[in-house]
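K.L.:
Got coords_35.pdb for you, PDB, C-alpha atoms:
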MODEL        1
ATOM      1  CA  MET G 402     -56.236 100.795  76.391  1.00  0.00           C
ATOM      2  CA  ALA G 403     -58.067 102.885  73.837  1.00  0.00           C
ATOM      3  CA  ASP G 404     -56.248 105.389  71.633  1.00  0.00           C
ATOM      4  CA  LEU G 405     -58.167 108.438  72.765  1.00  0.00           C
ATOM      5  CA  TYR G 406     -58.580 111.879  71.262  1.00  0.00           C
ATOM      6  CA  LEU G 407     -60.923 113.501  73.778  1.00  0.00           C
ATOM      7  CA  SER G 408     -58.862 116.428  75.016  1.00  0.00           C
ATOM      8  CA  GLY G 409     -56.453 116.894  72.125  1.00  0.00           C
ATOM      9  CA  ASP G 410     -53.599 116.572  74.635  1.00  0.00           C
ATOM     10  CA  PRO G 411     -51.892 113.150  74.678  1.00  0.00           C
ATOM     11  CA  VAL G 412     -50.978 113.436  78.383  1.00  0.00           C
ATOM     12  CA  ALA G 413     -54.534 114.348  79.379  1.00  0.00           C
ATOM     13  CA  ASP G 414     -55.946 111.598  77.154  1.00  0.00           C
ATOM     14  CA  ASP G 415     -53.580 109.054  78.738  1.00  0.00           C
ATOM     15  CA  LEU G 416     -54.956 109.998  82.168  1.00  0.00           C
ATOM     16  CA  LEU G 417     -58.539 109.604  80.915  1.00  0.00           C
ATOM     17  CA  ASN G 418     -57.633 106.228  79.483  1.00  0.00           C
ATOM     18  CA  ALA G 419     -55.980 104.969  82.673  1.00  0.00           C
ATOM     19  CA  ASN G 420     -58.187 106.531  85.342  1.00  0.00           C
ATOM     20  CA  PRO G 421     -61.958 105.859  85.262  1.00  0.00           C
ATOM     21  CA  PHE G 422     -62.617 108.620  87.815  1.00  0.00           C
ATOM     22  CA  ALA G 423     -60.780 111.098  85.567  1.00  0.00           C
ATOM     23  CA  LEU G 424     -62.898 109.999  82.594  1.00  0.00           C
ATOM     24  CA  LEU G 425     -66.112 110.342  84.596  1.00  0.00           C
ATOM     25  CA  THR G 426     -64.985 113.762  85.852  1.00  0.00           C
ATOM     26  CA  GLY G 427     -64.224 114.927  82.321  1.00  0.00           C
ATOM     27  CA  MET G 428     -67.759 114.027  81.319  1.00  0.00           C
ATOM     28  CA  LEU G 429     -69.156 115.907  84.302  1.00  0.00           C
ATOM     29  CA  LEU G 430     -67.147 119.000  83.335  1.00  0.00           C
ATOM     30  CA  ASP G 431     -68.468 118.859  79.756  1.00  0.00           C
ATOM     31  CA  GLN G 432     -70.948 121.702  79.940  1.00  0.00           C
ATOM     32  CA  GLN G 433     -70.699 125.320  78.869  1.00  0.00           C
ATOM     33  CA  ILE G 434     -67.077 124.892  77.771  1.00  0.00           C
ATOM     34  CA  PRO G 435     -65.518 123.208  74.727  1.00  0.00           C
ATOM     35  CA  MET G 436     -65.441 119.411  74.922  1.00  0.00           C
ATOM     36  CA  GLU G 437     -61.666 119.191  74.795  1.00  0.00           C
ATOM     37  CA  ALA G 438     -61.344 121.762  77.599  1.00  0.00           C
ATOM     38  CA  ALA G 439     -63.686 119.684  79.761  1.00  0.00           C
ATOM     39  CA  PHE G 440     -61.719 116.502  79.178  1.00  0.00           C
ATOM     40  CA  SER G 441     -58.436 118.350  79.878  1.00  0.00           C
ATOM     41  CA  GLY G 442     -59.759 119.370  83.306  1.00  0.00           C
ATOM     42  CA  PRO G 443     -58.913 116.102  85.081  1.00  0.00           C
ATOM     43  CA  ALA G 444     -55.252 116.411  84.014  1.00  0.00           C
ATOM     44  CA  LYS G 445     -55.124 119.940  85.441  1.00  0.00           C
ATOM     45  CA  MET G 446     -56.525 118.645  88.722  1.00  0.00           C
ATOM     46  CA  ALA G 447     -54.138 115.682  88.751  1.00  0.00           C
ATOM     47  CA  ASP G 448     -51.154 117.985  88.179  1.00  0.00           C
ATOM     48  CA  ARG G 449     -52.217 120.245  91.032  1.00  0.00           C
ATOM     49  CA  LEU G 450     -53.109 117.420  93.426  1.00  0.00           C
ATOM     50  CA  GLY G 451     -50.335 114.980  92.573  1.00  0.00           C
ATOM     51  CA  GLY G 452     -52.874 112.532  91.150  1.00  0.00           C
ATOM     52  CA  LEU G 453     -56.630 112.226  90.811  1.00  0.00           C
ATOM     53  CA  ASP G 454     -58.410 109.864  93.167  1.00  0.00           C
ATOM     54  CA  ALA G 455     -62.086 109.897  94.159  1.00  0.00           C
ATOM     55  CA  GLN G 456     -61.256 109.291  97.839  1.00  0.00           C
ATOM     56  CA  GLN G 457     -58.800 112.194  97.916  1.00  0.00           C
ATOM     57  CA  VAL G 458     -61.221 114.585  96.194  1.00  0.00           C
ATOM     58  CA  ALA G 459     -64.156 113.518  98.374  1.00  0.00           C
ATOM     59  CA  GLN G 460     -62.211 114.210 101.581  1.00  0.00           C
ATOM     60  CA  MET G 461     -60.689 117.553 100.599  1.00  0.00           C
ATOM     61  CA  ASP G 462     -61.760 120.755 102.266  1.00  0.00           C
ATOM     62  CA  PRO G 463     -64.168 122.424  99.784  1.00  0.00           C
ATOM     63  CA  GLU G 464     -62.263 125.724  99.862  1.00  0.00           C
ATOM     64  CA  GLU G 465     -58.951 123.989  99.177  1.00  0.00           C
ATOM     65  CA  PHE G 466     -60.515 122.060  96.314  1.00  0.00           C
ATOM     66  CA  LEU G 467     -62.007 125.269  94.936  1.00  0.00           C
ATOM     67  CA  ASP G 468     -58.505 126.745  94.928  1.00  0.00           C
ATOM     68  CA  VAL G 469     -57.419 123.826  92.718  1.00  0.00           C
ATOM     69  CA  PHE G 470     -60.166 124.796  90.252  1.00  0.00           C
ATOM     70  CA  ARG G 471     -59.320 128.493  90.323  1.00  0.00           C
ATOM     71  CA  GLN G 472     -55.596 128.183  89.642  1.00  0.00           C
ATOM     72  CA  LYS G 473     -54.646 129.500  86.215  1.00  0.00           C
ATOM     73  CA  PRO G 474     -55.555 128.113  83.821  1.00  0.00           C
ATOM     74  CA  ALA G 475     -58.868 127.426  85.527  1.00  0.00           C
ATOM     75  CA  VAL G 476     -60.290 123.905  85.355  1.00  0.00           C
ATOM     76  CA  HIS G 477     -63.709 125.276  84.322  1.00  0.00           C
ATOM     77  CA  ARG G 478     -65.191 128.680  83.573  1.00  0.00           C
ATOM     78  CA  PHE G 479     -67.511 128.230  86.583  1.00  0.00           C
ATOM     79  CA  PRO G 480     -65.022 127.045  89.202  1.00  0.00           C
ATOM     80  CA  LYS G 481     -67.195 127.297  92.316  1.00  0.00           C
ATOM     81  CA  SER G 482     -70.202 125.355  91.062  1.00  0.00           C
ATOM     82  CA  MET G 483     -68.149 122.778  89.162  1.00  0.00           C
ATOM     83  CA  ALA G 484     -65.722 122.164  92.034  1.00  0.00           C
ATOM     84  CA  GLY G 485     -68.734 121.393  94.216  1.00  0.00           C
ATOM     85  CA  ARG G 486     -70.172 119.071  91.595  1.00  0.00           C
ATOM     86  CA  VAL G 487     -66.881 117.198  91.222  1.00  0.00           C
ATOM     87  CA  GLN G 488     -66.673 116.728  94.993  1.00  0.00           C
ATOM     88  CA  ASP G 489     -70.277 115.496  95.065  1.00  0.00           C
ATOM     89  CA  LEU G 490     -69.422 113.055  92.267  1.00  0.00           C
ATOM     90  CA  ALA G 491     -66.330 111.874  94.151  1.00  0.00           C
ATOM     91  CA  ARG G 492     -68.380 111.293  97.314  1.00  0.00           C
ATOM     92  CA  SER G 493     -70.920 109.278  95.358  1.00  0.00           C
ATOM     93  CA  VAL G 494     -68.158 107.133  93.803  1.00  0.00           C
ATOM     94  CA  VAL G 495     -66.631 106.578  97.255  1.00  0.00           C
ATOM     95  CA  ASP G 496     -69.936 105.855  98.996  1.00  0.00           C
ATOM     96  CA  ASP G 497     -71.554 103.711  96.295  1.00  0.00           C
ATOM     97  CA  TYR G 498     -68.582 102.090  94.507  1.00  0.00           C
ATOM     98  CA  ASP G 499     -65.830 101.981  97.149  1.00  0.00           C
ATOM     99  CA  GLY G 500     -63.930 104.710  95.304  1.00  0.00           C
ATOM    100  CA  ASP G 501     -63.743 102.736  92.041  1.00  0.00           C
ATOM    101  CA  ALA G 502     -65.546 104.680  89.319  1.00  0.00           C
ATOM    102  CA  SER G 503     -65.316 101.728  86.925  1.00  0.00           C
ATOM    103  CA  GLY G 504     -67.652  99.863  89.288  1.00  0.00           C
ATOM    104  CA  ILE G 505     -70.459 101.979  87.843  1.00  0.00           C
ATOM    105  CA  TRP G 506     -70.193 100.022  84.606  1.00  0.00           C
ATOM    106  CA  THR G 507     -68.618  96.772  85.834  1.00  0.00           C
ATOM    107  CA  ALA G 508     -69.881  95.841  89.326  1.00  0.00           C
ATOM    108  CA  GLY G 509     -72.287  92.924  89.091  1.00  0.00           C
ATOM    109  CA  ASN G 510     -71.916  92.662  85.302  1.00  0.00           C
ATOM    110  CA  PRO G 511     -74.740  95.140  84.548  1.00  0.00           C
ATOM    111  CA  ASP G 512     -76.530  95.404  81.228  1.00  0.00           C
ATOM    112  CA  GLY G 513     -76.749  98.677  79.310  1.00  0.00           C
ATOM    113  CA  ALA G 514     -79.997  99.761  80.957  1.00  0.00           C
ATOM    114  CA  GLU G 515     -78.509  99.223  84.422  1.00  0.00           C
ATOM    115  CA  VAL G 516     -75.340 101.156  83.554  1.00  0.00           C
ATOM    116  CA  LEU G 517     -77.518 104.002  82.282  1.00  0.00           C
ATOM    117  CA  ALA G 518     -79.568 103.955  85.495  1.00  0.00           C
ATOM    118  CA  ARG G 519     -76.379 104.029  87.594  1.00  0.00           C
ATOM    119  CA  LEU G 520     -75.002 106.949  85.583  1.00  0.00           C
ATOM    120  CA  LYS G 521     -78.259 108.907  85.884  1.00  0.00           C
ATOM    121  CA  ALA G 522     -78.121 108.417  89.662  1.00  0.00           C
ATOM    122  CA  LEU G 523     -74.779 110.256  89.842  1.00  0.00           C
ATOM    123  CA  PRO G 524     -74.686 113.928  90.843  1.00  0.00           C
ATOM    124  CA  GLY G 525     -74.522 116.105  87.744  1.00  0.00           C
ATOM    125  CA  PHE G 526     -75.528 113.358  85.298  1.00  0.00           C
ATOM    126  CA  GLY G 527     -78.911 113.810  83.677  1.00  0.00           C
ATOM    127  CA  GLU G 528     -80.435 111.651  80.957  1.00  0.00           C
ATOM    128  CA  GLN G 529     -78.457 113.107  78.043  1.00  0.00           C
ATOM    129  CA  LYS G 530     -75.066 113.196  79.793  1.00  0.00           C
ATOM    130  CA  ALA G 531     -75.590 109.615  81.011  1.00  0.00           C
ATOM    131  CA  LYS G 532     -76.456 108.400  77.505  1.00  0.00           C
ATOM    132  CA  ILE G 533     -73.440 110.156  75.996  1.00  0.00           C
ATOM    133  CA  PHE G 534     -71.108 108.665  78.613  1.00  0.00           C
ATOM    134  CA  LEU G 535     -72.595 105.208  78.079  1.00  0.00           C
ATOM    135  CA  ALA G 536     -71.976 105.611  74.335  1.00  0.00           C
ATOM    136  CA  LEU G 537     -68.403 106.736  75.059  1.00  0.00           C
ATOM    137  CA  LEU G 538     -67.828 103.603  77.136  1.00  0.00           C
ATOM    138  CA  GLY G 539     -69.247 101.388  74.402  1.00  0.00           C
ATOM    139  CA  LYS G 540     -67.657 103.033  71.403  1.00  0.00           C
ATOM    140  CA  GLN G 541     -64.205 103.826  72.744  1.00  0.00           C
ATOM    141  CA  PHE G 542     -63.679 101.637  75.819  1.00  0.00           C
ATOM    142  CA  GLY G 543     -65.099  98.332  74.634  1.00  0.00           C
ATOM    143  CA  LEU G 544     -67.974  98.151  77.114  1.00  0.00           C
ATOM    144  CA  GLU G 545     -69.677  94.848  76.438  1.00  0.00           C
ATOM    145  CA  ALA G 546     -72.807  95.355  78.536  1.00  0.00           C
ATOM    146  CA  ALA G 547     -75.734  93.802  76.706  1.00  0.00           C
ATOM    147  CA  GLY G 548     -78.003  96.426  75.187  1.00  0.00           C
ATOM    148  CA  TRP G 549     -75.703  99.396  75.729  1.00  0.00           C
ATOM    149  CA  ARG G 550     -76.394 100.806  72.247  1.00  0.00           C
ATOM    150  CA  GLU G 551     -80.147 100.698  72.819  1.00  0.00           C
ATOM    151  CA  ALA G 552     -79.797 102.262  76.269  1.00  0.00           C
ATOM    152  CA  ALA G 553     -77.612 105.052  74.835  1.00  0.00           C
ATOM    153  CA  GLY G 554     -80.295 105.874  72.255  1.00  0.00           C
ATOM    154  CA  ASP G 555     -79.125 107.805  69.193  1.00  0.00           C
ATOM    155  CA  TYR G 556     -75.742 108.375  70.856  1.00  0.00           C
ATOM    156  CA  GLY G 557     -75.124 104.632  70.626  1.00  0.00           C
ATOM    157  CA  ARG G 558     -75.533 104.503  66.854  1.00  0.00           C
ATOM    158  CA  SER G 559     -72.363 103.701  64.928  1.00  0.00           C
ATOM    159  CA  ASP G 560     -73.196 105.976  61.989  1.00  0.00           C
ATOM    160  CA  VAL G 561     -73.312 109.322  63.827  1.00  0.00           C
ATOM    161  CA  ALA G 562     -71.022 112.166  64.858  1.00  0.00           C
ATOM    162  CA  MET G 563     -73.126 113.640  67.661  1.00  0.00           C
ATOM    163  CA  SER G 564     -71.077 113.783  70.841  1.00  0.00           C
ATOM    164  CA  ILE G 565     -67.737 113.274  72.558  1.00  0.00           C
ATOM    165  CA  ALA G 566     -68.414 109.533  72.197  1.00  0.00           C
ATOM    166  CA  ASP G 567     -67.737 109.970  68.468  1.00  0.00           C
ATOM    167  CA  VAL G 568     -64.555 112.059  68.741  1.00  0.00           C
ATOM    168  CA  THR G 569     -61.550 109.989  67.732  1.00  0.00           C
ATOM    169  CA  SER G 570     -59.538 112.488  65.664  1.00  0.00           C
ATOM    170  CA  PRO G 571     -59.337 116.183  64.772  1.00  0.00           C
ATOM    171  CA  GLU G 572     -61.646 115.486  61.814  1.00  0.00           C
ATOM    172  CA  SER G 573     -64.290 113.785  63.919  1.00  0.00           C
ATOM    173  CA  LEU G 574     -64.138 116.665  66.425  1.00  0.00           C
ATOM    174  CA  VAL G 575     -64.958 119.041  63.555  1.00  0.00           C
ATOM    175  CA  ALA G 576     -67.854 116.778  62.496  1.00  0.00           C
ATOM    176  CA  VAL G 577     -69.287 116.699  66.036  1.00  0.00           C
ATOM    177  CA  ARG G 578     -68.960 120.484  66.322  1.00  0.00           C
ATOM    178  CA  GLU G 579     -70.802 120.901  63.014  1.00  0.00           C
ATOM    179  CA  TYR G 580     -73.594 118.606  64.233  1.00  0.00           C
ATOM    180  CA  LYS G 581     -73.929 120.649  67.437  1.00  0.00           C
ATOM    181  CA  ARG G 582     -73.933 123.908  65.461  1.00  0.00           C
ATOM    182  CA  GLN G 583     -76.740 122.574  63.251  1.00  0.00           C
ATOM    183  CA  GLN G 584     -78.731 121.491  66.301  1.00  0.00           C
ATOM    184  CA  LYS G 585     -78.467 124.966  67.834  1.00  0.00           C
ATOM    185  CA  ALA G 586     -79.497 126.575  64.533  1.00  0.00           C
ATOM    186  CA  GLN G 587     -82.580 124.344  64.351  1.00  0.00           C
ATOM    187  CA  LYS G 588     -83.643 125.398  67.860  1.00  0.00           C
ATOM    188  CA  ARG G 589     -83.642 129.094  66.911  1.00  0.00           C
TER     189      ARG G 589
ENDMDL
END
Using structure tokens, write down the structure from this file.
P.N.:
Amino acid sequence: MADLYLSGDPVADDLLNANPFALLTGMLLDQQIPMEAAFSGPAKMADRLGGLDAQQVAQMDPEEFLDVFRQKPAVHRFPKSMAGRVQDLARSVVDDYDGDASGIWTAGNPDGAEVLARLKALPGFGEQKAKIFLALLGKQFGLEAAGWREAAGDYGRSDVAMSIADVTSPESLVAVREYKRQQKAQKR
């Protein structure tokens, strides 16, 4: 198991390390909220549901699942839309990978390009999010898929601090935040 520092909370990071669906869900939640808040979301859900399983989430009544998101502290600042996205993701994992999220990057021994294509096919995962998650798998989870660095693009480089894939400590979190701040400043 990797020694993660994605959420800043050891209990939440342990869940991300042990549960591929939780890790995938954290990545899905990583939009319009701080990275560590997004990756803490799966632990909040697991606490409220008694565990976090794609099958369980996929089968839940949408209103009941929304209530899980709305409980204080909320899982995400946009509970309704994100609860729906997480359920869509869970259904995709159940339908396409028999409920095993790790199958996205392990089933059939895929290369990096195939893993990227599988990630991009998931609800809520566009090109950038898929590349970042692929880089996270390679950099922090030992993914050995041939060509994963190339498929992840700049996010796969070993000499960058660009995304959650590069966060391994409080210092690296600061470096990634600074990179993102600079990117926003350049767009203005």
K.L.:
I would like the residues chosen by the PyMOL selection byres ((chain G and resi 513) around 6) on the shown file; could you give them as a list of chain:residue names?
P.N.:
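This file gives the following for the PyMOL selection byres ((chain G and resi 513) around 6): G:Asp512, G:Ala514, G:Glu515, G:Val516, G:Ala546, G:Ala547, G:Gly548, G:Trp549, G:Ala552.
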K.L.:
Excluding same-chain residues fewer than 4 positions from G:Leu453, what lies within 7 Å of it counting all atoms listed in the file, as a list in words?
P.N.:
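The residues that qualify are Ala423, Met446 and Ala447 of chain G.
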K.L.:
Where does the PyMOL selection byres ((chain G and resi 449) around 12) land in this file, that is, which residues does it pick, as a CSV table (one decimal) with C-alpha atoms, keeping the file's coordinate frame?
P.N.:
chain,number,residue,atom,x,y,z
G,442,GLY,CA,-59.8,119.4,83.3
G,443,PRO,CA,-58.9,116.1,85.1
G,444,ALA,CA,-55.3,116.4,84.0
G,445,LYS,CA,-55.1,119.9,85.4
G,446,MET,CA,-56.5,118.6,88.7
G,447,ALA,CA,-54.1,115.7,88.8
G,448,ASP,CA,-51.2,118.0,88.2
G,450,LEU,CA,-53.1,117.4,93.4
G,451,GLY,CA,-50.3,115.0,92.6
G,452,GLY,CA,-52.9,112.5,91.2
G,453,LEU,CA,-56.6,112.2,90.8
G,458,VAL,CA,-61.2,114.6,96.2
G,465,GLU,CA,-59.0,124.0,99.2
G,466,PHE,CA,-60.5,122.1,96.3
G,467,LEU,CA,-62.0,125.3,94.9
G,468,ASP,CA,-58.5,126.7,94.9
G,469,VAL,CA,-57.4,123.8,92.7
G,470,PHE,CA,-60.2,124.8,90.3
G,471,ARG,CA,-59.3,128.5,90.3
G,472,GLN,CA,-55.6,128.2,89.6
G,473,LYS,CA,-54.6,129.5,86.2
G,474,PRO,CA,-55.6,128.1,83.8
G,475,ALA,CA,-58.9,127.4,85.5
G,476,VAL,CA,-60.3,123.9,85.4
K.L.:
So the first atom is atom CA of G:Gln432 and the second is atom CA of G:Ser482; what is the distance between them in Å, to one decimal place?
P.N.:
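That distance, rounded to one decimal, is 11.7 Å.
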K.L.:
Take every atom of stretch 555-564 of chain G listed in the file, fit an axis-aligned box around them, add 6 Å per side, and give the centre and edge lengths in Å to one decimal as AutoDock Vina command-line options.
P.N.:
--center_x -75.1 --center_y 108.7 --center_z 66.4 --size_x 20.1 --size_y 22.1 --size_z 20.9
K.L.:
Name the residues that the PyMOL selection byres ((chain G and resi 502-508) around 10) picks from the file above, as a PyMOL selection string, using the file's chain letters and numbers.
P.N.:
chain G and resi 420-426+454-455+490-491+493-495+497-501+509-513+515-520+523+535+538+544-546
K.L.:
What is the distance between atom CA of G:Pro411 and atom CA of G:Ser559, in Å to one decimal?
P.N.:
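One can read the atom CA of G:Pro411 to atom CA of G:Ser559 distance as 24.6 Å.
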K.L.:
Taking only C-alpha atoms into account, name the residue in G:Gln433, G:Ser441, G:Gln456, G:Gln584 that is nearest to G:Asp415.
P.N.:
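Using only C-alpha atoms, the shortest distance to G:Asp415 belongs to G:Ser441.
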K.L.:
Would you mind reading off the distance between atom CA of G:Val577 and atom CA of G:Ala562, one decimal, in Å?
P.N.:
5.0 Å
K.L.:
Rank nothing, just name the residue among G:Val561, G:Lys532, G:Glu572, G:Phe526 nearest to G:Val487, using all atoms listed in the file.
P.N.:
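Answer, going by the shortest atom-to-atom distance: G:Phe526.
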K.L.:
Just checking: using only C-alpha atoms, which residue out of G:Asp489, G:Val412, G:Leu417, G:Glu551 ends up closest to G:Ala522?
P.N.:
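Result for the nearest residue to G:Ala522: G:Asp489.
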K.L.:
Using all atoms listed in the file, find the one residue out of G:Phe534, G:Phe542, G:Tyr580, G:Tyr406 that sits nearest to G:Glu437.
P.N.:
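Under the stated criterion, the closest residue is G:Tyr406.
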K.L.:
Quick one: of G:Arg578, G:Lys530, G:Lys521, G:Lys540, who's nearest to G:Gly427, counting only C-alpha atoms?
P.N.:
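Checking each candidate against G:Gly427, we get G:Lys530 as the closest.
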K.L.:
Choose the residue, out of G:Ser564, G:Gln488, G:Thr569, G:Gln460, that has the smallest atom-to-atom separation from G:Leu407; count only C-alpha atoms.
P.N.:
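Smallest separation from G:Leu407 among the options: G:Thr569.
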